[in-house]
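Written out below as structure tokens is the structure these notes cover.
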Amino acid sequence: MVQWNNPCKNIVPSFLRKETKGKGKPTHSGTKGKIMAFVVEPAFIQAPEHRPKPTITEAAGGIPLIDLSPLLHYPIPVDGGAAPPAVSAMVAEVEAACREWGFFQVINHGVPSELLDNIMAAAKGFFALPMEEKRQVKRDKAKLLGYDDTEHTKNVRDWKEVFDFIFQDPAGFAEPGTDEYYAFKNQWPKYPPSFKEACETYATAANELAFKLLELIALTLGLPAKRLNGFFKDQSSFMRLNYYPPCPSPHLALGLNRHKDAGVLTILAQDDVEGLDVKRRSDGEWIRVKPIPNSYVINVGDIVQVWSNDKYESAEHRVCVNSEKARCSVPFFFNPAHYVTVQPLEELIDEKNSPAKYNAYNWGEFFKTRKNSNFKKPGGENIQIYHFKKAE
Ligand SMILES: O=C(O)CCC(=O)C(=O)O
């Protein structure tokens, strides 16, 4: 096991195990119980087949990069009228990206860059606080939003800390008046003082971008632009701040284990430290997503896969860590109301030639089951949309 004698002060103590020499209480001086090294706790260690390879694959050009500037000049055509050529070309790019990758990056997206700078600064300020301060807003089973440092993906612990919040009434998550409804109440830290405002202002702008992307995706499916908007009346979207501390053994652990996003789409901002990998559909290779200043990484989630009856596929992704630099990312998970029934869209189904490939499921139930799987459970299998797939 790789040893690391220089633990970063900001790493959560439970991420590291002290290796000592001699007997007695660990101490930095003397010989008895002397700390020789800090090593990664076994709970973080991935099975050999899931560990990152020492070399990163950089695909020529990587995932598609789409310039959304036509949206700064023209409205999205909502009435079935002809779109300006620049808009039609952009829709065609979105269609190809969703079909070939399930992932793309966007620039000229209309979100003011200072909002992103502010939330990144707020996130970095928060995660740098002493642990006692962060734990003031700790998540648990009764308070589902706030800070956490114990997430598991596929039953292995992730090398990261998170902070979750919502930006609208929890009615999108649960029936008002229930315990679940009250569990979706934001917990805001006292520091940094600008934290809440930076988070809320950014979320409002990201939500606007999410609706534009939703409308573009509807157009790529040959549907009216606003066909999918009704599912978001009481949306259950939420935002997360991810912090990946430097890791002494980046070849053994992952910041975030491989997974697919369960919702409709994700708008992810990453800082300038790379780490996000997408699994390429054609050969299963992990491809690194290079950070581009003031861009967003967009991916379609499982719900779009089901709505489109497999025209689009939600791609697997993961986050690698490194031994030198911390990394921050800010995903916005765009999700419908908890009471929405998810099923292939009827306009895309023809029972004779292209029958529905999925049985209907309830989004709220699916989300609840998935959220519970963030806690380690012996042998518990994570719910996936293939559980709803009809036999061919
Ligand atoms: O940090 C990243 O780049 C990706 C984060 C992610 O996939 C997630 O939070 O679900």
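Lettering and numbering for the structure tokens are positional, with chains as A, B, ... in the shown order, residues counted from 1 in each chain, and ligands counted from 1 in the shown order.
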> Which residues come within 9 Å of range 342-358 of chain A, counting only C-alpha atoms, excluding same-chain residues fewer than 4 positions away, as a ChimeraX atom specification?
Replying inline: /A:221-223,303-310,362-363,385-392
So that I have them on file, write out the residues from the current selection with N, CA and C atoms, as a PDB file, in the first residue's frame.
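Heads up, here's the output in again-v3.pdb:
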```pdb
ATOM      1  N   LEU A 221     -36.311  15.113 -30.212  1.00  0.00           N
ATOM      2  CA  LEU A 221     -37.150  13.901 -30.284  1.00  0.00           C
ATOM      3  C   LEU A 221     -38.344  14.100 -31.219  1.00  0.00           C
ATOM      4  N   GLY A 222     -38.350  15.253 -31.905  1.00  0.00           N
ATOM      5  CA  GLY A 222     -39.445  15.537 -32.836  1.00  0.00           C
ATOM      6  C   GLY A 222     -40.720  15.953 -32.119  1.00  0.00           C
ATOM      7  N   LEU A 223     -40.605  16.442 -30.883  1.00  0.00           N
ATOM      8  CA  LEU A 223     -41.775  16.822 -30.082  1.00  0.00           C
ATOM      9  C   LEU A 223     -41.853  18.343 -29.988  1.00  0.00           C
ATOM     10  N   ILE A 303     -34.146   9.020 -16.930  1.00  0.00           N
ATOM     11  CA  ILE A 303     -35.531   9.335 -17.341  1.00  0.00           C
ATOM     12  C   ILE A 303     -35.578   9.656 -18.829  1.00  0.00           C
ATOM     13  N   VAL A 304     -34.572  10.356 -19.336  1.00  0.00           N
ATOM     14  CA  VAL A 304     -34.559  10.644 -20.780  1.00  0.00           C
ATOM     15  C   VAL A 304     -34.375   9.339 -21.565  1.00  0.00           C
ATOM     16  N   GLN A 305     -33.596   8.428 -20.998  1.00  0.00           N
ATOM     17  CA  GLN A 305     -33.442   7.132 -21.667  1.00  0.00           C
ATOM     18  C   GLN A 305     -34.806   6.435 -21.797  1.00  0.00           C
ATOM     19  N   VAL A 306     -35.588   6.478 -20.716  1.00  0.00           N
ATOM     20  CA  VAL A 306     -36.904   5.808 -20.748  1.00  0.00           C
ATOM     21  C   VAL A 306     -37.867   6.586 -21.638  1.00  0.00           C
ATOM     22  N   TRP A 307     -37.950   7.917 -21.446  1.00  0.00           N
ATOM     23  CA  TRP A 307     -38.854   8.720 -22.286  1.00  0.00           C
ATOM     24  C   TRP A 307     -38.579   8.472 -23.777  1.00  0.00           C
ATOM     25  N   SER A 308     -37.284   8.408 -24.119  1.00  0.00           N
ATOM     26  CA  SER A 308     -36.931   8.288 -25.550  1.00  0.00           C
ATOM     27  C   SER A 308     -36.969   6.833 -26.008  1.00  0.00           C
ATOM     28  N   ASN A 309     -37.350   5.926 -25.107  1.00  0.00           N
ATOM     29  CA  ASN A 309     -37.448   4.497 -25.428  1.00  0.00           C
ATOM     30  C   ASN A 309     -36.123   3.968 -25.978  1.00  0.00           C
ATOM     31  N   ASP A 310     -35.029   4.396 -25.336  1.00  0.00           N
ATOM     32  CA  ASP A 310     -33.658   3.952 -25.655  1.00  0.00           C
ATOM     33  C   ASP A 310     -33.038   4.632 -26.869  1.00  0.00           C
ATOM     34  N   ASN A 362     -42.804   4.902 -10.756  1.00  0.00           N
ATOM     35  CA  ASN A 362     -43.049   6.171 -10.078  1.00  0.00           C
ATOM     36  C   ASN A 362     -41.700   6.814  -9.711  1.00  0.00           C
ATOM     37  N   TRP A 363     -41.507   8.068 -10.135  1.00  0.00           N
ATOM     38  CA  TRP A 363     -40.213   8.719  -9.916  1.00  0.00           C
ATOM     39  C   TRP A 363     -39.869   8.845  -8.422  1.00  0.00           C
ATOM     40  N   ILE A 385     -32.719   1.402 -13.885  1.00  0.00           N
ATOM     41  CA  ILE A 385     -33.883   1.346 -14.779  1.00  0.00           C
ATOM     42  C   ILE A 385     -33.996   0.028 -15.530  1.00  0.00           C
ATOM     43  N   TYR A 386     -32.907  -0.737 -15.603  1.00  0.00           N
ATOM     44  CA  TYR A 386     -33.072  -2.008 -16.311  1.00  0.00           C
ATOM     45  C   TYR A 386     -34.017  -2.937 -15.543  1.00  0.00           C
ATOM     46  N   HIS A 387     -34.248  -2.637 -14.257  1.00  0.00           N
ATOM     47  CA  HIS A 387     -35.244  -3.432 -13.511  1.00  0.00           C
ATOM     48  C   HIS A 387     -36.655  -3.222 -14.069  1.00  0.00           C
ATOM     49  N   PHE A 388     -36.849  -2.154 -14.830  1.00  0.00           N
ATOM     50  CA  PHE A 388     -38.173  -1.854 -15.410  1.00  0.00           C
ATOM     51  C   PHE A 388     -38.241  -2.196 -16.879  1.00  0.00           C
ATOM     52  N   LYS A 389     -37.164  -2.761 -17.389  1.00  0.00           N
ATOM     53  CA  LYS A 389     -37.113  -3.068 -18.826  1.00  0.00           C
ATOM     54  C   LYS A 389     -38.000  -4.277 -19.118  1.00  0.00           C
ATOM     55  N   LYS A 390     -38.771  -4.183 -20.215  1.00  0.00           N
ATOM     56  CA  LYS A 390     -39.633  -5.318 -20.590  1.00  0.00           C
ATOM     57  C   LYS A 390     -38.781  -6.378 -21.260  1.00  0.00           C
ATOM     58  N   ALA A 391     -39.208  -7.620 -21.139  1.00  0.00           N
ATOM     59  CA  ALA A 391     -38.498  -8.692 -21.834  1.00  0.00           C
ATOM     60  C   ALA A 391     -38.640  -8.468 -23.328  1.00  0.00           C
ATOM     61  N   GLU A 392     -37.564  -8.628 -24.088  1.00  0.00           N
ATOM     62  CA  GLU A 392     -37.609  -8.385 -25.558  1.00  0.00           C
ATOM     63  C   GLU A 392     -38.400  -9.508 -26.231  1.00  0.00           C
TER      64      GLU A 392
END
```
> Residues at most 9 Å from ligand 1, using only C-alpha atoms and all ligand atoms? Could they come as number ranges by chain?
Replying inline: A: 162, 240-244, 255-261, 266, 268-271, 274-277, 289, 297, 316-320, 327-333
File of the preceding selection, C-alpha atoms, as a JSON list (two decimals), in the first residue's frame:
```json
[["chain", "number", "residue", "atom", "x", "y", "z"],
["A", 162, "VAL", "CA", -20.88, 16.85, -0.26],
["A", 240, "ARG", "CA", -24.94, 19.41, -4.75],
["A", 241, "LEU", "CA", -21.53, 20.83, -3.96],
["A", 242, "ASN", "CA", -18.86, 18.12, -4.30],
["A", 243, "TYR", "CA", -15.43, 18.40, -2.69],
["A", 244, "TYR", "CA", -12.78, 15.79, -3.48],
["A", 255, "GLY", "CA", -13.88, 10.33, -5.71],
["A", 256, "LEU", "CA", -17.17, 8.98, -6.96],
["A", 257, "ASN", "CA", -17.68, 5.44, -8.10],
["A", 258, "ARG", "CA", -19.18, 4.62, -11.52],
["A", 259, "HIS", "CA", -22.88, 5.42, -11.75],
["A", 260, "LYS", "CA", -25.64, 6.76, -14.00],
["A", 261, "ASP", "CA", -27.78, 9.73, -13.07],
["A", 266, "THR", "CA", -27.54, 17.10, -15.01],
["A", 268, "LEU", "CA", -22.33, 20.13, -13.97],
["A", 269, "ALA", "CA", -19.79, 22.87, -13.32],
["A", 270, "GLN", "CA", -16.26, 21.68, -12.56],
["A", 271, "ASP", "CA", -13.30, 23.75, -11.41],
["A", 274, "GLU", "CA", -9.76, 17.37, -13.91],
["A", 275, "GLY", "CA", -11.18, 14.06, -12.68],
["A", 276, "LEU", "CA", -14.52, 13.37, -14.39],
["A", 277, "ASP", "CA", -14.51, 10.32, -16.70],
["A", 289, "VAL", "CA", -13.70, 15.34, -19.61],
["A", 297, "VAL", "CA", -20.96, 19.42, -18.70],
["A", 316, "GLU", "CA", -21.95, 5.80, -16.85],
["A", 317, "HIS", "CA", -19.46, 8.21, -15.30],
["A", 318, "ARG", "CA", -17.09, 8.40, -12.32],
["A", 319, "VAL", "CA", -14.64, 10.77, -10.67],
["A", 320, "CYS", "CA", -10.91, 10.07, -10.18],
["A", 327, "ARG", "CA", -11.29, 19.33, -6.75],
["A", 328, "CYS", "CA", -14.72, 20.98, -6.56],
["A", 329, "SER", "CA", -17.75, 20.40, -8.76],
["A", 330, "VAL", "CA", -21.33, 21.64, -8.65],
["A", 331, "PRO", "CA", -24.00, 19.44, -10.24],
["A", 332, "PHE", "CA", -27.60, 20.57, -10.68],
["A", 333, "PHE", "CA", -29.84, 17.49, -10.88]]
```
>> What parts of range 18-195 of chain A does DSSP call alpha helix (DSSP H)? I'd like the answer as a PyMOL selection string.
In response: chain A and resi 70-73+85-100+113-127+131-134+179-183+195
> So, counting only C-alpha atoms, which residue among A:Ile292, A:Met131, A:Ala122, A:Ile76 is closest to Leu213 in chain A?
Replying inline: A:Ile76
> Which value, in Å to one decimal, gives the distance between CA of Ile107 in chain A and CA of Ala210 in chain A?
Replying inline: 13.9 Å
>> Taking 3 positions as the minimum chain separation for residues in the same chain, which residues sit within 12 Å of Phe195 in chain A when counting only C-alpha atoms? Answer as an NGL selection string.
In response: :A and (115 or 118-127 or 163 or 165 or 187-192 or 198-202 or 241)
Export of the given selection (N, CA and C atoms) as a short mmCIF file (atom, residue, chain, number, x, y, z; two decimals), in the first residue's frame:
```
data_model
loop_
_atom_site.label_atom_id
_atom_site.label_comp_id
_atom_site.auth_asym_id
_atom_site.auth_seq_id
_atom_site.Cartn_x
_atom_site.Cartn_y
_atom_site.Cartn_z
N LEU A 115 -21.86 34.27 -11.20
CA LEU A 115 -22.68 33.40 -10.33
C LEU A 115 -21.95 32.09 -10.06
N ASN A 118 -19.04 32.76 -7.74
CA ASN A 118 -19.49 32.94 -6.36
C ASN A 118 -19.81 31.61 -5.68
N ILE A 119 -20.49 30.71 -6.40
CA ILE A 119 -20.85 29.45 -5.73
C ILE A 119 -19.60 28.57 -5.54
N MET A 120 -18.67 28.61 -6.49
CA MET A 120 -17.42 27.84 -6.32
C MET A 120 -16.66 28.36 -5.10
N ALA A 121 -16.59 29.69 -4.97
CA ALA A 121 -15.87 30.28 -3.82
C ALA A 121 -16.57 29.91 -2.52
N ALA A 122 -17.91 29.96 -2.55
CA ALA A 122 -18.67 29.60 -1.34
C ALA A 122 -18.42 28.14 -0.97
N ALA A 123 -18.41 27.27 -1.99
CA ALA A 123 -18.19 25.84 -1.73
C ALA A 123 -16.80 25.63 -1.13
N LYS A 124 -15.79 26.25 -1.73
CA LYS A 124 -14.42 26.04 -1.23
C LYS A 124 -14.29 26.57 0.19
N GLY A 125 -14.93 27.72 0.45
CA GLY A 125 -14.90 28.30 1.80
C GLY A 125 -15.57 27.36 2.80
N PHE A 126 -16.70 26.79 2.41
CA PHE A 126 -17.42 25.90 3.33
C PHE A 126 -16.60 24.64 3.63
N PHE A 127 -16.09 23.98 2.59
CA PHE A 127 -15.40 22.71 2.83
C PHE A 127 -14.08 22.90 3.59
N PHE A 163 -22.38 18.71 -0.08
CA PHE A 163 -23.40 19.54 0.57
C PHE A 163 -24.57 19.62 -0.40
N PHE A 165 -28.60 20.91 -1.38
CA PHE A 165 -29.69 21.84 -1.05
C PHE A 165 -30.72 21.87 -2.17
N GLN A 187 -30.61 23.08 5.27
CA GLN A 187 -29.84 23.47 6.45
C GLN A 187 -28.71 24.35 5.93
N TRP A 188 -28.67 25.60 6.32
CA TRP A 188 -27.64 26.51 5.81
C TRP A 188 -26.56 26.73 6.86
N PRO A 189 -25.29 26.66 6.47
CA PRO A 189 -24.21 26.93 7.43
C PRO A 189 -24.10 28.44 7.71
N LYS A 190 -23.51 28.79 8.87
CA LYS A 190 -23.31 30.21 9.19
C LYS A 190 -22.19 30.80 8.33
N TYR A 191 -21.22 29.95 7.96
CA TYR A 191 -20.05 30.43 7.21
C TYR A 191 -19.90 29.62 5.94
N PRO A 192 -19.35 30.20 4.87
CA PRO A 192 -19.08 31.62 4.70
C PRO A 192 -20.40 32.41 4.70
N ALA A 198 -25.20 32.84 -2.47
CA ALA A 198 -24.47 32.35 -3.66
C ALA A 198 -25.15 31.09 -4.20
N CYS A 199 -25.57 30.21 -3.30
CA CYS A 199 -26.20 28.94 -3.73
C CYS A 199 -27.55 29.22 -4.39
N GLU A 200 -28.37 30.05 -3.76
CA GLU A 200 -29.73 30.27 -4.28
C GLU A 200 -29.71 31.03 -5.62
N THR A 201 -28.82 32.01 -5.73
CA THR A 201 -28.79 32.79 -6.97
C THR A 201 -28.31 31.92 -8.13
N TYR A 202 -27.30 31.12 -7.83
CA TYR A 202 -26.78 30.24 -8.89
C TYR A 202 -27.85 29.23 -9.32
N LEU A 241 -22.91 20.35 -3.87
CA LEU A 241 -21.53 20.83 -3.96
C LEU A 241 -20.67 19.61 -3.64
#
```
> Restricting the calculation to only C-alpha atoms, which member of A:Ala218, A:Val340, A:Ala253, A:Val264 is positioned closest to Phe44 in chain A?
Replying inline: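 The closest residue to Phe44 in chain A is A:Ala253.
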>> I need the residues in range 39-102 of chain A that are strand (DSSP E or B) according to DSSP; give them as a VMD selection string.
In response: chain A and resid 39 to 40 57 65 to 67
Could those selected residues go to a file with N, CA and C atoms, as a compact mmCIF listing (two decimals), in the first residue's frame?
```txt
# COMPACT_ATOMS: atom_id res chain seq x y z
N VAL A 39 -2.61 6.12 5.70
CA VAL A 39 -3.03 5.38 4.51
C VAL A 39 -4.56 5.45 4.39
N VAL A 40 -5.03 5.15 3.19
CA VAL A 40 -6.46 5.22 2.92
C VAL A 40 -7.20 4.12 3.71
N THR A 57 -7.33 8.14 -20.82
CA THR A 57 -7.60 8.19 -22.25
C THR A 57 -8.18 9.54 -22.60
N LEU A 65 -18.61 19.47 -27.91
CA LEU A 65 -18.69 20.81 -27.33
C LEU A 65 -19.71 21.59 -28.17
N ILE A 66 -20.76 22.08 -27.53
CA ILE A 66 -21.84 22.74 -28.28
C ILE A 66 -21.95 24.20 -27.85
N ASP A 67 -21.97 25.07 -28.83
CA ASP A 67 -22.08 26.51 -28.59
C ASP A 67 -23.57 26.87 -28.56
```
>> Just checking: using only C-alpha atoms, which residue out of A:Gly284, A:Pro170, A:Pro245, A:Pro77 ends up closest to Ile11 in chain A?
In response: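 For Ile11 in chain A, the nearest of the given residues is A:Pro245.
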>> When you look at Tyr147 in chain A with a cut-off of 8 Å (counting only C-alpha atoms), what residues show up, excluding the ones that are within fewer than 3 positions of it in the same chain? I need them as a VMD selection string.
In response: chain A and resid 134 to 135 137 to 139 161 to 164
Residue subset to file, keeping N, CA and C atoms, as a PDB file, in the first residue's frame:
```pdb
ATOM      1  N   LYS A 134     -18.719  22.118   9.956  1.00  0.00           N
ATOM      2  CA  LYS A 134     -19.451  21.473   8.853  1.00  0.00           C
ATOM      3  C   LYS A 134     -20.526  20.532   9.407  1.00  0.00           C
ATOM      4  N   ARG A 135     -20.188  19.891  10.527  1.00  0.00           N
ATOM      5  CA  ARG A 135     -21.146  18.930  11.090  1.00  0.00           C
ATOM      6  C   ARG A 135     -22.355  19.601  11.732  1.00  0.00           C
ATOM      7  N   VAL A 137     -24.349  21.188  10.116  1.00  0.00           N
ATOM      8  CA  VAL A 137     -25.407  21.067   9.091  1.00  0.00           C
ATOM      9  C   VAL A 137     -25.367  19.674   8.466  1.00  0.00           C
ATOM     10  N   LYS A 138     -25.058  18.688   9.302  1.00  0.00           N
ATOM     11  CA  LYS A 138     -24.904  17.308   8.817  1.00  0.00           C
ATOM     12  C   LYS A 138     -26.250  16.710   8.412  1.00  0.00           C
ATOM     13  N   ARG A 139     -26.208  15.953   7.329  1.00  0.00           N
ATOM     14  CA  ARG A 139     -27.399  15.208   6.882  1.00  0.00           C
ATOM     15  C   ARG A 139     -27.594  13.970   7.745  1.00  0.00           C
ATOM     16  N   GLU A 161     -16.584  14.840   0.023  1.00  0.00           N
ATOM     17  CA  GLU A 161     -17.552  15.433   0.940  1.00  0.00           C
ATOM     18  C   GLU A 161     -18.599  16.123   0.061  1.00  0.00           C
ATOM     19  N   VAL A 162     -19.833  16.208   0.548  1.00  0.00           N
ATOM     20  CA  VAL A 162     -20.880  16.852  -0.260  1.00  0.00           C
ATOM     21  C   VAL A 162     -21.715  17.790   0.600  1.00  0.00           C
ATOM     22  N   PHE A 163     -22.378  18.707  -0.083  1.00  0.00           N
ATOM     23  CA  PHE A 163     -23.397  19.536   0.573  1.00  0.00           C
ATOM     24  C   PHE A 163     -24.572  19.616  -0.397  1.00  0.00           C
ATOM     25  N   ASP A 164     -25.769  19.206   0.045  1.00  0.00           N
ATOM     26  CA  ASP A 164     -26.959  19.201  -0.824  1.00  0.00           C
ATOM     27  C   ASP A 164     -27.950  20.277  -0.401  1.00  0.00           C
TER      28      ASP A 164
END
```
>> So, with only C-alpha atoms as the atoms that count, which of A:Thr220, A:Lys226, A:Tyr181, A:Phe167 lies closest to Glu197 in chain A?
In response: A:Phe167
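Of the listed residues A:Leu72, A:Val321, A:Ala86, A:Ile383, the one whose atoms come nearest to Ala262 in chain A is A:Ile383, with distances taken using only C-alpha atoms.
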>> When you look at range 336-338 of chain A with a cut-off of 9 Å (counting only C-alpha atoms), what residues show up, excluding the ones that are within fewer than 4 positions of it in the same chain? I need them as a ChimeraX atom specification.
In response: /A:171-175,230-237,263-264,362-365,367
The selected residues should be written to file as a CSV table (one decimal), in the first residue's frame (atoms: N, CA and C atoms).
```csv
chain,number,residue,atom,x,y,z
A,171,ALA,N,-42.5,20.3,-1.9
A,171,ALA,CA,-43.6,19.6,-2.5
A,171,ALA,C,-43.2,18.7,-3.7
A,172,GLY,N,-42.2,19.1,-4.4
A,172,GLY,CA,-41.7,18.2,-5.5
A,172,GLY,C,-41.2,16.9,-5.0
A,173,PHE,N,-40.8,16.8,-3.7
A,173,PHE,CA,-40.2,15.6,-3.2
A,173,PHE,C,-41.1,14.7,-2.5
A,174,ALA,N,-42.2,15.3,-1.9
A,174,ALA,CA,-43.0,14.5,-1.0
A,174,ALA,C,-44.3,15.3,-0.8
A,175,GLU,N,-45.4,14.5,-0.3
A,175,GLU,CA,-46.6,15.2,0.0
A,175,GLU,C,-46.5,16.1,1.1
A,230,GLY,N,-44.4,20.1,-18.4
A,230,GLY,CA,-45.4,19.8,-17.4
A,230,GLY,C,-44.9,18.9,-16.3
A,231,PHE,N,-44.0,18.1,-16.5
A,231,PHE,CA,-43.5,17.1,-15.5
A,231,PHE,C,-42.7,17.9,-14.4
A,232,PHE,N,-42.4,19.1,-14.6
A,232,PHE,CA,-41.6,19.9,-13.7
A,232,PHE,C,-42.4,20.9,-12.8
A,233,LYS,N,-43.7,20.8,-12.8
A,233,LYS,CA,-44.5,21.7,-12.1
A,233,LYS,C,-44.1,21.8,-10.6
A,234,ASP,N,-44.0,20.6,-10.0
A,234,ASP,CA,-43.4,20.6,-8.6
A,234,ASP,C,-42.1,19.8,-8.7
A,235,GLN,N,-41.1,20.4,-9.3
A,235,GLN,CA,-39.9,19.6,-9.6
A,235,GLN,C,-39.2,19.2,-8.3
A,236,SER,N,-38.5,18.1,-8.4
A,236,SER,CA,-37.7,17.6,-7.3
A,236,SER,C,-36.2,17.7,-7.6
A,237,SER,N,-35.9,18.8,-8.3
A,237,SER,CA,-34.4,19.1,-8.6
A,237,SER,C,-33.7,19.4,-7.3
A,263,GLY,N,-32.1,11.0,-12.9
A,263,GLY,CA,-33.1,12.0,-13.2
A,263,GLY,C,-33.2,12.3,-14.7
A,264,VAL,N,-33.6,13.5,-15.0
A,264,VAL,CA,-33.8,13.9,-16.4
A,264,VAL,C,-32.4,14.4,-17.1
A,362,ASN,N,-42.8,4.9,-10.8
A,362,ASN,CA,-43.0,6.2,-10.1
A,362,ASN,C,-41.7,6.8,-9.7
A,363,TRP,N,-41.5,8.1,-10.1
A,363,TRP,CA,-40.2,8.7,-9.9
A,363,TRP,C,-39.9,8.8,-8.4
A,364,GLY,N,-40.8,9.2,-7.6
A,364,GLY,CA,-40.6,9.5,-6.2
A,364,GLY,C,-40.1,8.2,-5.5
A,365,GLU,N,-40.7,7.0,-5.8
A,365,GLU,CA,-40.3,5.8,-5.2
A,365,GLU,C,-38.9,5.4,-5.7
A,367,PHE,N,-36.5,7.4,-6.7
A,367,PHE,CA,-35.5,8.4,-6.1
A,367,PHE,C,-35.2,8.0,-4.7
```
> For Arg157 in chain A, which of A:Gln46, A:Ser323, A:Ser282, A:Asn335 is the closest residue, counting only C-alpha atoms?
Replying inline: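 That would be A:Gln46, the residue with the smallest distance to Arg157 in chain A.
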>> List as number ranges by chain the protein and nucleic acid residues near Pro246 in chain A, meaning an atom at most 6 Å away when only C-alpha atoms are counted, but skip any in the same chain fewer than 2 places from it.
In response: A: 322-326
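Interatomic distance, CA of Ile287 in chain A to CA of Ile217 in chain A: 23.6 Å.
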Who sits within 12 Å of Asp140 in chain A, only C-alpha atoms, same chain under 3 positions skipped, as a short mmCIF file (atom, residue, chain, number, x, y, z; two decimals) with C-alpha atoms, in the first residue's frame:
```
data_model
loop_
_atom_site.label_atom_id
_atom_site.label_comp_id
_atom_site.auth_asym_id
_atom_site.auth_seq_id
_atom_site.Cartn_x
_atom_site.Cartn_y
_atom_site.Cartn_z
CA ARG A 135 -21.15 18.93 11.09
CA GLN A 136 -23.52 21.62 12.37
CA VAL A 137 -25.41 21.07 9.09
CA LYS A 143 -32.65 15.75 7.60
CA LEU A 144 -31.93 14.72 4.06
CA LEU A 145 -30.14 17.90 2.96
CA GLY A 146 -26.87 19.46 4.11
CA TYR A 147 -23.34 18.16 4.65
CA ASP A 148 -22.14 14.56 4.42
CA ASP A 149 -18.80 12.78 4.29
CA THR A 150 -20.00 9.18 4.26
CA GLU A 151 -21.52 8.61 0.82
CA ASP A 164 -26.96 19.20 -0.82
CA ALA A 183 -36.97 16.11 5.88
CA PHE A 184 -36.34 18.11 2.69
CA LYS A 185 -35.69 21.35 4.52
CA GLN A 187 -29.84 23.47 6.45
CA LYS A 371 -31.07 7.85 -2.13
CA ASN A 372 -31.13 5.13 0.51
CA ASN A 374 -26.01 6.14 -0.59
CA PHE A 375 -25.60 4.40 2.74
#
```
>> To one decimal place in Å, what is the distance between CA of Asp79 in chain A and CA of Asp302 in chain A?
In response: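 According to the coordinates, CA of Asp79 in chain A and CA of Asp302 in chain A are separated by 27.7 Å.
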